[in-house]
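Shown next, in C-alpha cells, is the structure this report addresses.
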There are 2 protein chains.
Amino acid sequence: MERTEISSLGEFGLIDHLTKNIEHQNASTILGVGDDAAVIDHFGKQTVVTTDLLIEGVHFDLMYTPLKHLGYKSVIVNLSDIYAMNAVPTQITIALGISNRFSLEALDEFYEGVYAACNKYGVDLIGGDTASSQKGFIISITAIGEVAPDKFVKRTTAKKGDLLCCSGDLGAAYLGLVFLEREKKIFLESPAVKPDLEGEKYVIGRLLKPEARKDIVEFFETNELMPTSMMDISDGLSSEILHICKDSELGCVLYEEKIPIAEETRSAAFKFELDPTACALSGGEDYELLFTISQEDHDKLVLNEHISVIGYMTEPEKGKKIITKGGSTFDITAQGWNAFSSK
Amino acid sequence: MERTEISSLGEFGLIDHLTKNIEHQNASTILGVGDDAAVIDHFGKQTVVTTDLLIEGVHFDLMYTPLKHLGYKSVIVNLSDIYAMNAVPTQITIALGISNRFSLEALDEFYEGVYAACNKYGVDLIGGDTASSQKGFIISITAIGEVAPDKFVKRTTAKKGDLLCCSGDLGAAYLGLVFLEREKKIFLESPAVKPDLEGEKYVIGRLLKPEARKDIVEFFETNELMPTSMMDISDGLSSEILHICKDSELGCVLYEEKIPIAEETRSAAFKFELDPTACALSGGEDYELLFTISQEDHDKLVLNEHISVIGYMTEPEKGKKIITKGGSTFDITAQGWNAFSSK
C-alpha cells in the first residue's frame with residue numbers, strides 16, 4: 001500500500017486535496033470551503049444546528065471500524081439529530097484531529113465515507129478545520145439543516161394520551177458491538193483465528209454503517225403528519241423515553257411486545273445469552289426516531305411499516321412503566337450509555 | 001480547593017449544570033440547548049458558519065493557560081472568523097472532550113470564560129456535546145453569524161490598486177508565547193523561581209486573552225465602507241497576505257515601516273533578540289483583520305486609528321513584495337504556523 005505523509009502537503013494543501021471534488025447540491029449553500037467561514041441562505045426557513053464530538057478509544061475502535069464506515073457514520077449521527085427536529089439536513093462542517101500515524105491514503109478513505117453520506121442525504125460539506133493530534137483520531141462534525149418556520153419538533157411538547165412510536169428496529173447495533181468486541185478479544189489472544197462475521201452481518205452493519213431516518217421525516221411531510229415530540233434513539237430506548245417524559249412532564253406506558261426487534265437481532269442475542277429487550281432498551285446507537293403523535297393520526301401511521309406504536313403517554317403521576325410480555329409492570333430505568341460512567 | 005468529580009453528575013447532569021444560567025440575547029435564537037439540535041431564524045439574513053478544533057498540547061498548554069482565559073479565547077478565535085466575513089456572530093455551539101483529570105470546578109472556570117466572551121460579544125451558546133477523552137482536553141467550537149444578503153466579504157475579490165490594510169497591532173501574541181515558553185522551561189528546571197510577568201503583561205495578554213475586531217466591522221457599517229476582501233490574521237501577516245494574493249490572483253507591495261507593532265512588542269522583541277517585523281509577519285494568533293479596500297475609501301479609513309494602511313495590491317506578475325525600512329525589496333514568504341510541520 002502506498003503511504004503519503006500528510007505533512008508533505010501542509011495544512012492548506014491537505015484541505016485542497018480533501019475538498020477539491022466538492023460539488024454543492026443545495027441552493028442554500030452560498031459559499032463553501034475556502035474562506036474564514038461558509039455562508040448559507042435558507043431563504044426564509046429556519047436554520048437547525050447540531051454538533052457531535054467523536055474520539056478514538058471512546059466512541060470508536062479503529063481495530064474493527066473501517067475508516068470509510070467511520071466517515072459515513074460520523075456524518076449520519078449528526079444528520080439523525082437534524083431529522084429528529086423534523087428538519088432536513090443541508091450542510092455539514094467537519095473538524096479533524098489527526099495523529100501522524102495516519103497517512104493521506106487513510107484520510108482519503110475516511111473522506112470517501114463522509115462524501116458517500118453527503119451524496120446519499122443531499123448534504124454539502126461547507127467547511128472545517130484540520131489539526132494535528134498527539135494521540136488518537138478526533139472527529140467533530142456540525143450539521144446544519146432547515147425547517148419551515150416553527151415546524152420543528154421538540155422534546156417538551158408531548159401530550160397526555162399521545163401514541164408513543166419508534167421507527168425501524170432496535171438493539172441490533174449493541175449486539176454488533178458485543179460481537180466485534182468478542183472477536184477483537186479472540187484476535188488479540190490468537191491472531192491466526194479468522195473471524196466469522198457472516199452470521200452477524202445484520203447487527204454488525206447496524207453498528208458500523210447506520211442510516212438516518214430521512215424517509216420517516218419525508219413520510220410525515222407527505223402525509224401531513226406532525227409528531228407532538230421527537231428525538232433520535234442514540235443512547236437506548238429507555239433513556240430516550242425518560243427524556244421525553246421528563247421534558248414534557250408526563251408519564252408513559254411502554255409494551256415490551258411492541259418494541260420492534262429484528263429476527264437477526266433476536267438470534268444474535270440468543271447466541272450471546274442476552275435479553276433482546278434489554279438490548280433494545282439500553283443498547284444505544286440505533287439512530288432510529290422516537291416520537292409521540294396524536295391518537296387521531298393512528299390510521300395514517302399504520303400505512304408505514306417502518307413505524308411501530310410501542311405505547312402511549314400518561315399523566316406524570318402514573319410514572320414511566322413498561323408492561324412485560326408476561327403482564328408484569330416495571331419502572332423504566334435509564335441504563336443507556338453514559339460517557340462519564342466508570343465502566 | 002473543592003473537587004467535584006464530573007462523573008458524579010452524569011452526562012445530562014453535567015450539561016444541565018453548565019447551561020442552567022443561559023439567557024439568550026438574540027431574537028434569532030429560537031431554540032437553544034436541550035434538544036437534538038438548536039434552531040435559528042436569521043429573518044432574511046444569510047447565515048455564516050465556521051468551526052475550529054483546539055487540542056491540548058497542540059494549540060494550548062495548560063501549564064500557563066488559565067482555564068478561564070482558554071474558554072474566552074476558544075470563543076474569540078471563532079468569532080474572529082465570523083467578523084472576517086463582515087458578519088455579526090450570533091450563536092455558538094461547543095463540544096468538549098474532557099479527561100477525568102478535570103474536576104467540575106475546573107470545567108466551571110473554563111465555562112466562565114466562555115460565557116464572558118458570549119456576553120461581551122452578544123452571542124448565545126445554543127448547543128454542544130460533552131464526551132470523555134482518554135487524554136488531553138479537546139475543544140471544538142462552531143460559531144454562527146448573520147449578514148445582510150450577499151454583503152459578506154470573501155478572500156477572492158481584492159482588486160488591483162486596492163489598499164492593503166490591517167487592524168490593531170501585530171506580533172505581540174507570538175512574543176507572549178516565546179516569553180511563557182521560556183518561563184515554563186525555567187520553572188521546570190527550578191520550581192522555586194517565581195516568574196516576573198509584569199514587564200510582559202501586554203504581550204502575554206495578547207496571547208492568552210485576545211479580542212475579536214467587532215469594532216472594525218461596526219466601523220465599516222457605520223461609515224458605509226465595504227472591504228473588497230478580508231480575512232483574519234491567525235497564522236501571521238505573511239501567510240494571510242499570500243492567501244489573499246493567491247485567492248484574488250494578484251500581487252502586492254507591503255511596506256515594513258507601515259506594519260503596526262506596539263511599543264511593548266518592540267521592547268519584548270528586543271529582550272529576546274528577535275526582529276519585531278519577523279514576529280508580525282510570521283508570529284500568528286493576533287486575531288486582527290487583514291483587508292483590502294478601494295483607494296477611494298482612504299479618507300474614511302484614516303478616521304479610525306485602529307486601522308493601518310500597510311500596502312497595496314498589484315498585478316500578479318509583479319509578485320508579492322515587501323519593501324524594508326532600508327529600501328530593499330524581498331519576496332514575502334509564508335513562515336507562519338503549520339499544524340503539520342515537524343518542528
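Ligands are numbered from 1 in the order shown, residues from 1 within each chain, and chains are lettered A, B, ... in the order they appear in the C-alpha cells.
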Return the neighbours of chain A among the residues of chain B, cut-off 6 Å, counting only C-alpha atoms, as a VMD selection string. chain B and resid 7 10 36 to 41 44 46 to 52 81 128 to 129 131 to 132 339 to 341
Can you pull out every residue from segment 26-72 of chain A that DSSP, working from the backbone, puts in helix (DSSP H, G or I), and format the result as a ChimeraX atom specification? /A:67-72
Could you state the separation of atom CA of Thr314 of chain A and atom CA of Pro276 of chain A in Å, given to one decimal place?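 Value for the atom CA of Thr314 of chain A-atom CA of Pro276 of chain A distance: 25.8 Å.
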Let's see if you can do this: from backbone DSSP, list all strand (DSSP E or B) residues in segment 112-220 of chain B, as an MDAnalysis selection string. chainID B and resid 124:132 138:147 163:167
Which residues, written as a PyMOL selection string, have at least one atom at most 10 Å from Phe330 of chain B, with only C-alpha atoms counted and residues fewer than 5 positions away on the same chain left out? chain B and resi 253-254+319-324
Same residues, N, CA and C atoms, output as a short mmCIF file (atom, residue, chain, number, x, y, z; two decimals), in the first residue's frame:
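And here's again.cif as it stands now:
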data_model
loop_
_atom_site.label_atom_id
_atom_site.label_comp_id
_atom_site.auth_asym_id
_atom_site.auth_seq_id
_atom_site.Cartn_x
_atom_site.Cartn_y
_atom_site.Cartn_z
N VAL B 253 2.35 44.97 -2.72
CA VAL B 253 3.53 45.61 -2.12
C VAL B 253 3.18 45.90 -0.67
N LEU B 254 4.05 45.45 0.23
CA LEU B 254 3.85 45.66 1.66
C LEU B 254 5.02 46.50 2.16
N GLY B 319 4.46 40.08 -8.46
CA GLY B 319 4.84 39.27 -7.30
C GLY B 319 4.33 39.84 -5.99
N LYS B 320 4.70 39.17 -4.90
CA LYS B 320 4.28 39.59 -3.57
C LYS B 320 5.51 40.10 -2.87
N LYS B 321 5.61 41.42 -2.71
CA LYS B 321 6.86 42.04 -2.28
C LYS B 321 6.72 42.78 -0.95
N ILE B 322 7.81 42.77 -0.20
CA ILE B 322 7.89 43.63 0.97
C ILE B 322 9.05 44.59 0.76
N ILE B 323 8.80 45.87 1.03
CA ILE B 323 9.87 46.87 0.93
C ILE B 323 10.30 47.21 2.36
N THR B 324 11.56 46.94 2.65
CA THR B 324 12.04 47.10 4.02
C THR B 324 12.28 48.58 4.35
#
Please provide the set of residues having any atom within 8 Å of segment 279-284 of chain A, restricted to only C-alpha atoms, with same-chain residues fewer than 2 positions apart removed, written as number ranges by chain. A: 170-175, 233-239, 259, 261, 274-277, 286-287, 334-337
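Each of B:Lys184, B:His17, B:Lys214, B:Lys68 was compared to Tyr111 of chain B using only C-alpha atoms, and B:Lys68 turns out to be the nearest.
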Selection: 12 Å around Thr222 of chain B, only C-alpha atoms, excl. self and same-chain fewer than 4 positions, as a JSON list (two decimals) with C-alpha atoms, in the first residue's frame:
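Final output, selection_12.json:
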[["chain", "number", "residue", "atom", "x", "y", "z"],
["B", 215, "ASP", "CA", -15.40, 47.39, 16.38],
["B", 216, "ILE", "CA", -13.88, 47.30, 12.89],
["B", 217, "VAL", "CA", -16.90, 45.58, 11.33],
["B", 218, "GLU", "CA", -19.15, 48.09, 13.10],
["B", 226, "MET", "CA", -17.18, 47.65, 2.18],
["B", 300, "LYS", "CA", -12.88, 57.48, 5.58],
["B", 301, "LEU", "CA", -10.32, 54.89, 6.71],
["B", 303, "LEU", "CA", -10.76, 58.34, 10.73],
["B", 304, "ASN", "CA", -10.07, 55.07, 12.52]]
